[in-house]
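See below for the structure under consideration.
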Number of protein chains: 2
Amino acid sequence: MKDIAAVVGVSQSTVSRVLNDNSAIPITAETRQRVLAAAARLGYRPNPAARALRGARTMLIGAVVRDITDPFFAAAIEALCVVARDHGYNVVLGHAHGSAQEAMALTTVLESRHCDAILLMGDMRDQPRLIEDLRNVHLPVVALWQGTRLPQIPSVDVDNRRAISAGIEHLRELGHTRIAFVGGSRRLGDKRQREASFVARMRQLGLPVPEGYVRHVQNTPGGGGSALAALMQLRPPPTAVVAATDVIAIGVLHAAAEMGISVPRDLSVIGFDDQPLAAYTVPPLTTLRMPTVPMVLAAFQMATDAVEKGGRTPSRQVFQATLVRRRSTAPPR
Amino acid sequence: MKDIAAVVGVSQSTVSRVLNDNSAIPITAETRQRVLAAAARLGYRPNPAARALRGARTMLIGAVVRDITDPFFAAAIEALCVVARDHGYNVVLGHAHGSAQEAMALTTVLESRHCDAILLMGDMRDQPRLIEDLRNVHLPVVALWQGTRLPQIPSVDVDNRRAISAGIEHLRELGHTRIAFVGGSRRLGDKRQREASFVARMRQLGLPVPEGYVRHVQNTPGGGGSALAALMQLRPPPTAVVAATDVIAIGVLHAAAEMGISVPRDLSVIGFDDQPLAAYTVPPLTTLRMPTVPMVLAAFQMATDAVEKGGRTPSRQVFQATLVRRRSTAPPR
DNA sequence: CTGAAAGCGCTAACAC
DNA sequence: GTGTTAGCGCTTTCAG
């Protein structure tokens with residue numbers, strides 16, 4: 001910028017004013033043109049670091065995500081990228097994979113001072129240090145799919161209770177009574193809520209939840225597969241499975257095919273999320289659709305509002321999931 | 001930092017030296033302790049902007065990705081996150097989705113001055129402006145899966161020719177001769193190379209490539225489905241399909257099931273990438289495994305080496321894909 | 001309307 | 001061993 005000031009023969013401050021379109025301070029049209037021309041010619045690019053130093057926003061939003069492998073979160077991140085870019089922001093990715101590297105999470109957070117705000121995607125309660133750090137950092141933080149209320153942190157969640165109820169209702173209408181649930185191994189966030197909701201709702205409807213009908217596995221297709229293997233040993237085995245996520249449901253579908261169990265004839269399967277591939281499984285997966293884009297948008301706006309207004313307004317938005325009927329569910333034999 | 005200097009009663013530079021573990025300049029153990037204590041008490045966090053202003057690295061690496069929806073790229077980004085964090089870096093996501101918003105790509109790049117280096121993931125040739133910008137920016141750029149040699153830009157690629165040959169070879173050993181190919185709609189990067197390799201190799205083996213046996217569709221499951229529908233109208237229809245990506249292959253599997261075509265009995269399908277879900281499709285997908293993690297690591301190291309050494313060393317690394325035999329391929333009827 | 005100058009938080013010569 | 005000082009690139013009063 002100094003260079004361009006020198007070339008044009010004006011002061012740096014004038015250049016700054018032109019380049020920032022500072023409407024409060026009028027500039028001669030001619031000066032403006034000369035500056036603009038010189039800037040273009042010299043290939044001037046503002047240095048964000050210097051701007052940031054002056055207290056300007058970095059236009060970066062941090063996303064701390066539990067597990068990027070999960071296609072559901074991948075889709076969420078994509079949504080965030082789009083939303084962010086539409087608002088002139090870019091996204092910085094952190095991830096809090098495995099509590100072993102918890103110490104490293106610290107670094108992630110420290111580095112995140114680059115950002116104007118932070119989005120927590122997924123439950124981070126097993127990373128107390130991270131949350132502690134976040135509380136100290138003087139940045140807006142919004143929790144998405146935290147699945148549990150974190151004091152002082154505004155959050156955007158899905159109504160797991162109603163969603164799971166809708167899933168059970170669908171199966172019940174088809175005539176199922178022996179319904180199993182496959183949830184996450186660590187009892188975290190949404191998965192924990194879904195499991196609790198499942199048990200509560202089944203009881204409420206007077207449906208049995210026999211020993212072994214609620215399983216905890218890793219949130220992977222492999223996890224879903226091993227859960228199904230175990231479920232099919234039970235006497236009597238379930239005629240339907242509600243999976244806590246589509247990833248698990250995909251594993252159930254896969255394992256069923258391997259075991260020669262026909263879906264939906266011998267077994268109905270419901271997933272949760274409606275991730276992009278859910279419509280293309282064999283058979284297509286009936287699932288509870290997460291309104292991912294609206295949720296991400298809401299979280300983003302809560303975050304940027306907080307950046308602009310400065311204040312932290314602990315609030316909470318809850319979205320509803322909707323049942324998508326495809327062909328992995330049918331009446332029991 | 002000024003505060004902590006004031007509290008301890010030493011100069012700012014001393015504080016800086018302690019906090020940066022500057023071993024060249026010795027500090028009294030006692031002073032160090034006092035500084036550290038004060039820093040902890042005051043909850044001091046270094047301001048990265050100020051550091052960056054001094055010319056220090058931002059420890060951010062930019063990833064410009066073609067399409068984050070693609071689970072393959074999602075996996076690649078995850079790999080990058082892990083690699084980056086192991087080296088103290090964070091990842092900034094840009095994306096160049098659709099050439100309509102090409103102008104916006106400019107912004108992405110401008111913003112990317114935050115970063116120490118940039119990784120291009122996927123072919124960006126349809127975004128000439130982006131590439132132009134990148135050339136002007138004085139940052140190390142490494143292209144991953146560019147699928148085409150970009151002048152002056154070091155790249156990491158997979159050997160599409162050999163991979164596709166291995167796929168064809170596998171089908172030929174099983175006894176297939178009527179083999180179709182489903183590739184990307186825009187003739188870009190890897191997908192283009194794979195298609196060209198397919199045609200070349202088939203000719204070389206003296207196998208027919210009838211009219212309509214090479215299809216161009218969107219890189220989505222839906223694309224794979226519509227391609228299969230078209231292929232099955234052909235007389236004679238193919239007995240095997242080589243898909244340019246697993247995403248397309250998943251769509252083919254799905255469509256086959258819908259159409260009552262049994263895989264692998266009536267049709268063999270080969271994918272490309274071995275994305276996480278490929279092992280859990282119904283039936284499990286035979287595919288050409290991309291060595292994603294080594295490739296990402298290589299690209300990351302090329303980028304950071306360039307950051308450290310300062311020089312741009314145009315170079316190119318090529319990795320081999322390996323055939324993973326699962327159950328979507330079998331001898332033709 | 002434009003210029004001069006201070007300062008954002010930090011580092012690195014250089015001096016003591 | 002520690003303090004002083006200048007300056008990274010930019011914005012922003014405050015004077016002209």
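Identifiers for the structure tokens are assigned positionally: chains receive A, B, ... in sequence, residues are indexed from 1 per chain, and ligands are indexed from 1 in the order shown.
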
Residue hits in chain B, query chain C, radius 7 Å, only C-alpha atoms (C1' of nucleotides), as a PyMOL selection string | chain B and resi 47+50-51+54

Can I get the selected residues back with C-alpha atoms, as a PDB file, in the first residue's frame?
```
ATOM      1  CA  ASN B  47      -2.450 -12.829  19.046  1.00  0.00           C
ATOM      2  CA  ALA B  50       0.303  -9.713  15.314  1.00  0.00           C
ATOM      3  CA  ARG B  51       2.596 -12.647  14.782  1.00  0.00           C
ATOM      4  CA  ARG B  54       5.746  -9.837  11.760  1.00  0.00           C
TER       5      ARG B  54
END
```

Considering only C-alpha atoms (C1' of nucleotides), give me a table of residues in chain D that are at most 9 Å from chain B, with the closest atom pair and distance in Å for each, as a tab-separated table.
```
residue	atom	partner	partner_atom	distance
D:DG1	C1'	B:Ile27	CA	5.9
D:DT2	C1'	B:Thr14	CA	6.8
D:DG3	C1'	B:Ser11	CA	6.2
D:DG7	C1'	B:Arg54	CA	8.9
D:DC8	C1'	B:Arg54	CA	4.7
D:DG9	C1'	B:Leu53	CA	7.3
```

Any chance you can output those residues with C-alpha atoms (C1' of nucleotides) as an mmCIF file, in the first residue's frame?
```
data_model
loop_
_atom_site.group_PDB
_atom_site.id
_atom_site.type_symbol
_atom_site.label_atom_id
_atom_site.label_comp_id
_atom_site.auth_asym_id
_atom_site.auth_seq_id
_atom_site.Cartn_x
_atom_site.Cartn_y
_atom_site.Cartn_z
ATOM 1 C "C1'" DG D 1 20.259 -11.328 31.685
ATOM 2 C "C1'" DT D 2 17.385 -7.696 30.628
ATOM 3 C "C1'" DG D 3 15.634 -3.248 28.644
ATOM 4 C "C1'" DG D 7 8.798 -1.568 12.575
ATOM 5 C "C1'" DC D 8 5.618 -5.379 10.260
ATOM 6 C "C1'" DG D 9 0.724 -3.148 7.015
#
```

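Distance-wise, atom CA of Glu169 of chain A and atom CA of Pro208 of chain A end up 14.3 Å apart.
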
Step one, run DSSP on the backbone; step two, keep only residues of segment 34-254 of chain B assigned to strand (DSSP E or B); then write them as a VMD selection string.
-> chain B and resid 60 to 65 90 to 95 117 to 121 141 to 144 155 to 158 179 to 184 214 to 217 240 to 243

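The residues of chain B lying at most 7 Å from chain A, with only C-alpha atoms taken into account, are Pro48, Ala49, Ala50, Ala52, Leu53, Ile68, Thr69, Pro71, Ala74, Ala75, Glu78, Asn90, Val91, Val92, Leu93, Gly94, His114, Pro221, Gly251, His254, Ala257, Tyr280, Thr281 and Val282 of chain B.
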
Shell of 10 Å around segment 230-234 of chain A, only C-alpha atoms (C1' of nucleotides), local chain residues under 2 positions omitted, as a ChimeraX atom specification = /A:180-182,210-215,225-228,236-239,241,256,259,261

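Atom CA of Phe300 of chain A lies 10.0 Å from atom CA of Val141 of chain A.
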
Atomic distance atom CA of Leu130 of chain B - atom CA of Ala306 of chain B, expressed in Å with one decimal | 20.4 Å

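The smallest atom-to-atom distance between Leu323 of chain A and any of A:Ala163, A:Val217, A:Ala196, A:Val263, using only C-alpha atoms, is found for A:Ala163.
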